[in-house]
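Remarks on the structure that follows.
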Amino acid sequence: MKSPVYFANLRAISDKDSMASKVRRLFDRAGFSGIISPHDKTALKLHFGETGNDGFISPVYVRQVVEKVRECQGLPFLTDTNTLYLGSRSNAVDHITTAILHGFDFAVTGAPVIIADGLNGKNVTKVFIGKKHFSEVTIAGDIAAADSMIVLSHFKGHIVSGFGGAIKNLAMGCAPPEGKRAQHNARPFTISENCTGCAACLKVCPKTAISIHAKKSVIDKDLCIGCFECMHACPEHAIDIDWETEIPVFMERLVEYACGAVAGKQKKVGYMNFLIRITPDCDCFPFSDAPIVPDIGILASRDPVAIDAASFDLVNQQQGFPDSLLAMHHPKGENKFSGVHANTDGFRQIQYAEEIGLGQSQYELILL
């Protein structure tokens, strides 16, 4: 039996078709009221966006989910985890400040912000999963403690995982820095003949793992945390990773962490993917590039694998924008994510997630 995925497009001819109204109706159609019991402490897992980024989900839409949870007599809170790299979200004080500056304050959303892994990323819970790469994983304490969860994901591209959706929001998004580091097995290296020694990579490295010797970049793999900021910053494309051996393992580790994030409450989690302003890169970047395809709509499901599979297909069905980072695969039906990041295979997330029982890739798309 295929997993139902509910879809609302962006067309509107009355107030009943407003995006806020559609978010509320998707909540109802996807049966999210059935996963929230009275007095449930309900985590609304989202990404508040790095300072300088504006591709994150609108707080106005988040407010609709908050109100629906309250109608179920749940106790909603907005949450995310601290980052592995330095930036505006690497500790709870800066993280909450960034969230408020981006509109995620109580006056707008109607819910408090709680950074789930605490002040410095040390509020954690060990969760047994018994998978190939991890027997146990480290999950943010307040996400593990939540009674139920609604995962709100801005669907977009990613330089290594191909795309970021519900699975990645569970995996990286619900892990403290310790858990993020465990997922990042891959380490970049410098292609010396391409390197000009411009030091762009050195300037963005959060752990001073990069130095310049003889006018060439040198990456210390013992200090490197695998955040891939250097790859994106290099103007000469002189930094790369072992795509054939390291990235498939990274994808699998990421998916196993997603299993840990929902362990114990698999039937108490709902998912919404927002296919709006589909940027080529993650909202962790301190900027947002132009979208690669037109805005599509919003999806809701109780299956994280099905909703990501449907989102992946809907994006690829679009005509790509020529005036964007999309270098190839512009025609409808072609893989837009590998058109942006040529070596990526985002669908591997979906395949492995299905293999280990996180959900199923076969879905029925139901129009709102």
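Naming scheme: A, B, ... for chains in displayed order of the structure tokens; residues 1 onward per chain; ligands 1 onward as shown.
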Contact table range 144-203 of chain A vs range 79-88 of chain A, cut-off 10 Å, shortest pair per residue, only C-alpha atoms, as JSON lines:
{"residue": "A:Val151", "atom": "CA", "partner": "A:Thr79", "partner_atom": "CA", "distance": 9.9}
{"residue": "A:Asn169", "atom": "CA", "partner": "A:Asp80", "partner_atom": "CA", "distance": 9.3}
{"residue": "A:Met172", "atom": "CA", "partner": "A:Thr81", "partner_atom": "CA", "distance": 8.6}
{"residue": "A:Gly173", "atom": "CA", "partner": "A:Thr81", "partner_atom": "CA", "distance": 6.2}
{"residue": "A:Cys174", "atom": "CA", "partner": "A:Thr81", "partner_atom": "CA", "distance": 6.2}
{"residue": "A:Ala175", "atom": "CA", "partner": "A:Thr81", "partner_atom": "CA", "distance": 6.6}
{"residue": "A:Pro176", "atom": "CA", "partner": "A:Thr81", "partner_atom": "CA", "distance": 5.8}
{"residue": "A:Pro177", "atom": "CA", "partner": "A:Leu84", "partner_atom": "CA", "distance": 4.7}
{"residue": "A:Glu178", "atom": "CA", "partner": "A:Leu84", "partner_atom": "CA", "distance": 7.9}
{"residue": "A:Gly179", "atom": "CA", "partner": "A:Leu84", "partner_atom": "CA", "distance": 9.1}
{"residue": "A:Lys180", "atom": "CA", "partner": "A:Leu84", "partner_atom": "CA", "distance": 6.6}
{"residue": "A:Arg181", "atom": "CA", "partner": "A:Leu84", "partner_atom": "CA", "distance": 7.1}
Store the residues picked out above in a file with N, CA and C atoms, as a compact mmCIF listing (two decimals), in the first residue's frame.
# COMPACT_ATOMS: atom_id res chain seq x y z
N VAL A 151 7.51 17.89 11.87
CA VAL A 151 8.77 18.25 11.22
C VAL A 151 8.46 19.13 10.01
N ASN A 169 16.29 16.81 7.87
CA ASN A 169 15.83 17.61 9.01
C ASN A 169 15.79 16.77 10.28
N MET A 172 20.39 15.47 10.68
CA MET A 172 21.26 16.54 11.12
C MET A 172 20.53 17.48 12.07
N GLY A 173 19.27 17.73 11.77
CA GLY A 173 18.52 18.73 12.52
C GLY A 173 18.19 18.34 13.94
N CYS A 174 18.09 17.05 14.22
CA CYS A 174 17.75 16.60 15.57
C CYS A 174 18.98 16.14 16.36
N ALA A 175 20.14 16.26 15.75
CA ALA A 175 21.37 15.82 16.41
C ALA A 175 22.12 17.02 16.99
N PRO A 176 22.69 16.87 18.17
CA PRO A 176 23.57 17.90 18.71
C PRO A 176 24.89 17.88 17.93
N PRO A 177 25.81 18.81 18.20
CA PRO A 177 27.09 18.79 17.48
C PRO A 177 27.79 17.43 17.49
N GLU A 178 27.74 16.73 18.62
CA GLU A 178 28.37 15.41 18.70
C GLU A 178 27.78 14.46 17.66
N GLY A 179 26.45 14.50 17.51
CA GLY A 179 25.78 13.64 16.53
C GLY A 179 26.02 14.07 15.11
N LYS A 180 26.09 15.36 14.88
CA LYS A 180 26.40 15.86 13.53
C LYS A 180 27.79 15.41 13.11
N ARG A 181 28.74 15.50 14.02
CA ARG A 181 30.11 15.10 13.73
C ARG A 181 30.16 13.60 13.41
Item checked: Non-local contacts of range 96-105 of chain A (9 Å; only C-alpha atoms; under 6 positions in same chain excluded) as a VMD selection string -> chain A and resid 47 to 51 54 56 58 to 60 62 78 88 to 89 111 to 115
Export C-alpha atoms of the chosen residues as a PDB file, in the first residue's frame?
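That gives us out_39.pdb:
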ATOM      1  CA  HIS A  47      15.315  25.555  10.687  1.00  0.00           C
ATOM      2  CA  PHE A  48      15.473  29.205  11.778  1.00  0.00           C
ATOM      3  CA  GLY A  49      18.005  30.096   9.082  1.00  0.00           C
ATOM      4  CA  GLU A  50      21.558  31.357   9.455  1.00  0.00           C
ATOM      5  CA  THR A  51      21.968  35.128   9.772  1.00  0.00           C
ATOM      6  CA  ASP A  54      16.114  34.291   4.085  1.00  0.00           C
ATOM      7  CA  PHE A  56      13.598  29.524   5.695  1.00  0.00           C
ATOM      8  CA  SER A  58       7.772  31.814   6.895  1.00  0.00           C
ATOM      9  CA  PRO A  59       6.857  32.234  10.587  1.00  0.00           C
ATOM     10  CA  VAL A  60       3.329  33.021   9.378  1.00  0.00           C
ATOM     11  CA  VAL A  62       4.522  28.079  11.333  1.00  0.00           C
ATOM     12  CA  LEU A  78       9.625  25.595  18.154  1.00  0.00           C
ATOM     13  CA  SER A  88      24.852  32.590  14.454  1.00  0.00           C
ATOM     14  CA  ARG A  89      23.391  29.290  15.751  1.00  0.00           C
ATOM     15  CA  ALA A 111       4.982  29.342  20.717  1.00  0.00           C
ATOM     16  CA  PRO A 112       8.266  29.520  22.644  1.00  0.00           C
ATOM     17  CA  VAL A 113      11.634  28.688  21.109  1.00  0.00           C
ATOM     18  CA  ILE A 114      13.599  25.931  22.862  1.00  0.00           C
ATOM     19  CA  ILE A 115      17.010  24.897  21.539  1.00  0.00           C
TER      20      ILE A 115
END
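Atom pair CA of Asp295 in chain A / CA of Leu10 in chain A: separated by 7.8 Å.
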| said: Please extract the residues of range 4-170 of chain A with a backbone DSSP assignment of helix (DSSP H, G or I) and present them as a PyMOL selection string. | reply: chain A and resi 15-17+19-29+32-35+59-71+92-101+106-109+141-145+166-170
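Of the listed residues (A:Phe155, A:Phe163, A:Tyr257, A:Phe77), A:Phe155 comes nearest to Leu299 in chain A; the distances count only C-alpha atoms.
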- Task: For each of A:His39, A:Lys45, A:His329, A:Lys22, take the minimum atom-to-atom distance to Gly297 in chain A, counting only C-alpha atoms, then give the residue where this is smallest.
- Result: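 Closest candidate: A:Lys22.
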Q. Which one of A:Gly164, A:Pro304, A:Pro294, A:Pro280 sits closest to Gln266 in chain A if you count only C-alpha atoms?
A.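 Result for the nearest residue to Gln266 in chain A: A:Pro304.
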Each residue of range 254-311 of chain A lying at most 10 Å from range 228-250 of chain A should get a row with its shortest atom-to-atom pair and the distance in Å to one decimal, counting only C-alpha atoms; could you produce that, ordered by chain and increasing number, as a tab-separated table?
residue	atom	partner	partner_atom	distance
A:Leu254	CA	A:Phe250	CA	6.1
A:Val255	CA	A:Phe250	CA	8.7
A:Glu256	CA	A:Phe250	CA	10.0
A:Asp281	CA	A:His232	CA	9.5
A:Cys284	CA	A:Glu229	CA	10.0
A:Phe285	CA	A:Glu229	CA	8.6
task: Can you work out the spacing between CA of Ala186 in chain A and CA of Ala327 in chain A in Å, to one decimal?
output: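 Computing it gives 24.7 Å between the two atoms.
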List the spatial neighbours of Phe347 in chain A as a PyMOL selection string - criterion: any atom at most 8 Å away, only C-alpha atoms, same-chain residues fewer than 4 positions off excluded. chain A and resi 162+309+312+351
With only C-alpha atoms as the counted atoms, please give the residues lying no more than 7 Å from Cys282 in chain A, apart from itself and same-chain residues fewer than 5 positions off, as a PDB file with N, CA and C atoms, in the first residue's frame.
ATOM      1  N   LYS A 156      15.144  21.898  -0.377  1.00  0.00           N
ATOM      2  CA  LYS A 156      16.111  22.652  -1.179  1.00  0.00           C
ATOM      3  C   LYS A 156      17.291  21.755  -1.508  1.00  0.00           C
ATOM      4  N   GLY A 157      18.268  22.296  -2.245  1.00  0.00           N
ATOM      5  CA  GLY A 157      19.444  21.525  -2.594  1.00  0.00           C
ATOM      6  C   GLY A 157      20.449  21.465  -1.468  1.00  0.00           C
ATOM      7  N   HIS A 158      21.473  20.609  -1.657  1.00  0.00           N
ATOM      8  CA  HIS A 158      22.554  20.501  -0.674  1.00  0.00           C
ATOM      9  C   HIS A 158      23.810  20.041  -1.389  1.00  0.00           C
TER      10      HIS A 158
END
Exercise for review: Excluding Asp147 in chain A and any residue of its chain fewer than 6 positions from it, enumerate the residues within 6 Å of it, using only C-alpha atoms, and give them as a list in words.
Suggested key: Asp40, Lys41 and Thr42 of chain A
### Task
Apply DSSP to the structure's backbone, then extract all residues of range 126-267 of chain A labelled strand (DSSP E) and return them as a PyMOL selection string.
chain A and resi 126-128+136-140+148-154+156-158+162-164+189-190+210-213+216-219+239-240
Include C-alpha atoms and write out the residues we just selected as a tab-separated table (two decimals), in the first residue's frame.
chain	number	residue	atom	x	y	z
A	126	LYS	CA	21.64	8.20	23.67
A	127	VAL	CA	19.15	6.26	21.54
A	128	PHE	CA	19.62	2.61	20.59
A	136	GLU	CA	23.21	3.95	19.15
A	137	VAL	CA	22.99	7.59	18.15
A	138	THR	CA	23.13	10.88	20.05
A	139	ILE	CA	19.91	12.91	19.81
A	140	ALA	CA	19.13	16.33	21.29
A	148	SER	CA	5.10	14.17	19.60
A	149	MET	CA	6.68	16.13	16.76
A	150	ILE	CA	5.79	17.97	13.57
A	151	VAL	CA	8.77	18.25	11.22
A	152	LEU	CA	8.61	21.37	9.04
A	153	SER	CA	11.20	21.28	6.26
A	154	HIS	CA	12.20	23.78	3.59
A	156	LYS	CA	16.11	22.65	-1.18
A	157	GLY	CA	19.44	21.52	-2.59
A	158	HIS	CA	22.55	20.50	-0.67
A	162	GLY	CA	21.84	16.39	-2.99
A	163	PHE	CA	18.78	17.75	-1.26
A	164	GLY	CA	17.58	18.56	2.22
A	189	PHE	CA	41.02	17.44	0.19
A	190	THR	CA	42.77	20.03	-1.97
A	210	ILE	CA	43.05	24.81	6.75
A	211	SER	CA	46.39	26.51	6.25
A	212	ILE	CA	48.32	27.85	3.26
A	213	HIS	CA	51.73	26.34	2.48
A	216	LYS	CA	48.52	25.96	-1.71
A	217	SER	CA	45.65	25.07	0.63
A	218	VAL	CA	46.34	22.24	3.07
A	219	ILE	CA	43.50	20.59	5.03
A	239	ILE	CA	38.52	21.24	-3.05
A	240	ASP	CA	36.80	17.90	-3.46
inquiry  = Need the shell around Leu119 in chain A: protein/DNA/RNA residues with any atom at most 7 Å away, counting only C-alpha atoms. Skip same-chain ones fewer than 6 positions apart. Format as number ranges by chain?
reply    = A: 91-93
Dump as an mmCIF file, in the first residue's frame, selection limited to N, CA and C atoms:
data_model
loop_
_atom_site.group_PDB
_atom_site.id
_atom_site.type_symbol
_atom_site.label_atom_id
_atom_site.label_comp_id
_atom_site.auth_asym_id
_atom_site.auth_seq_id
_atom_site.Cartn_x
_atom_site.Cartn_y
_atom_site.Cartn_z
ATOM 1 N N ASN A 91 25.343 28.246 19.584
ATOM 2 C CA ASN A 91 24.981 28.112 20.997
ATOM 3 C C ASN A 91 23.557 28.630 21.160
ATOM 4 N N ALA A 92 22.916 28.271 22.231
ATOM 5 C CA ALA A 92 21.492 28.569 22.378
ATOM 6 C C ALA A 92 21.191 30.060 22.460
ATOM 7 N N VAL A 93 22.085 30.843 23.037
ATOM 8 C CA VAL A 93 21.839 32.285 23.158
ATOM 9 C C VAL A 93 21.795 32.924 21.775
#
request  = For Lys132 in chain A, please output as a list in words all residues within 10 Å (counting only C-alpha atoms; exclusion window: fewer than 4 positions along the same chain).
outcome  =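 That gives Glu252, Arg253, Glu256 and Ile356 of chain A.
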Write out, as a PDB file, in the first residue's frame, the residues just selected, with C-alpha atoms.
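Output file out-v5.pdb follows:
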ATOM      1  CA  GLU A 252      23.614   5.962   5.203  1.00  0.00           C
ATOM      2  CA  ARG A 253      24.865   7.415   8.469  1.00  0.00           C
ATOM      3  CA  GLU A 256      20.332   6.041  10.471  1.00  0.00           C
ATOM      4  CA  ILE A 356      16.085   0.153   6.958  1.00  0.00           C
TER       5      ILE A 356
END
Practice task
Using only C-alpha atoms, pick whichever of A:Ile36, A:Ala310, A:Met1, A:Ala261 has the shortest atom-to-atom distance to Gln73 in chain A.
Solution key: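 The answer is A:Ile36, which sits nearest to Gln73 in chain A.
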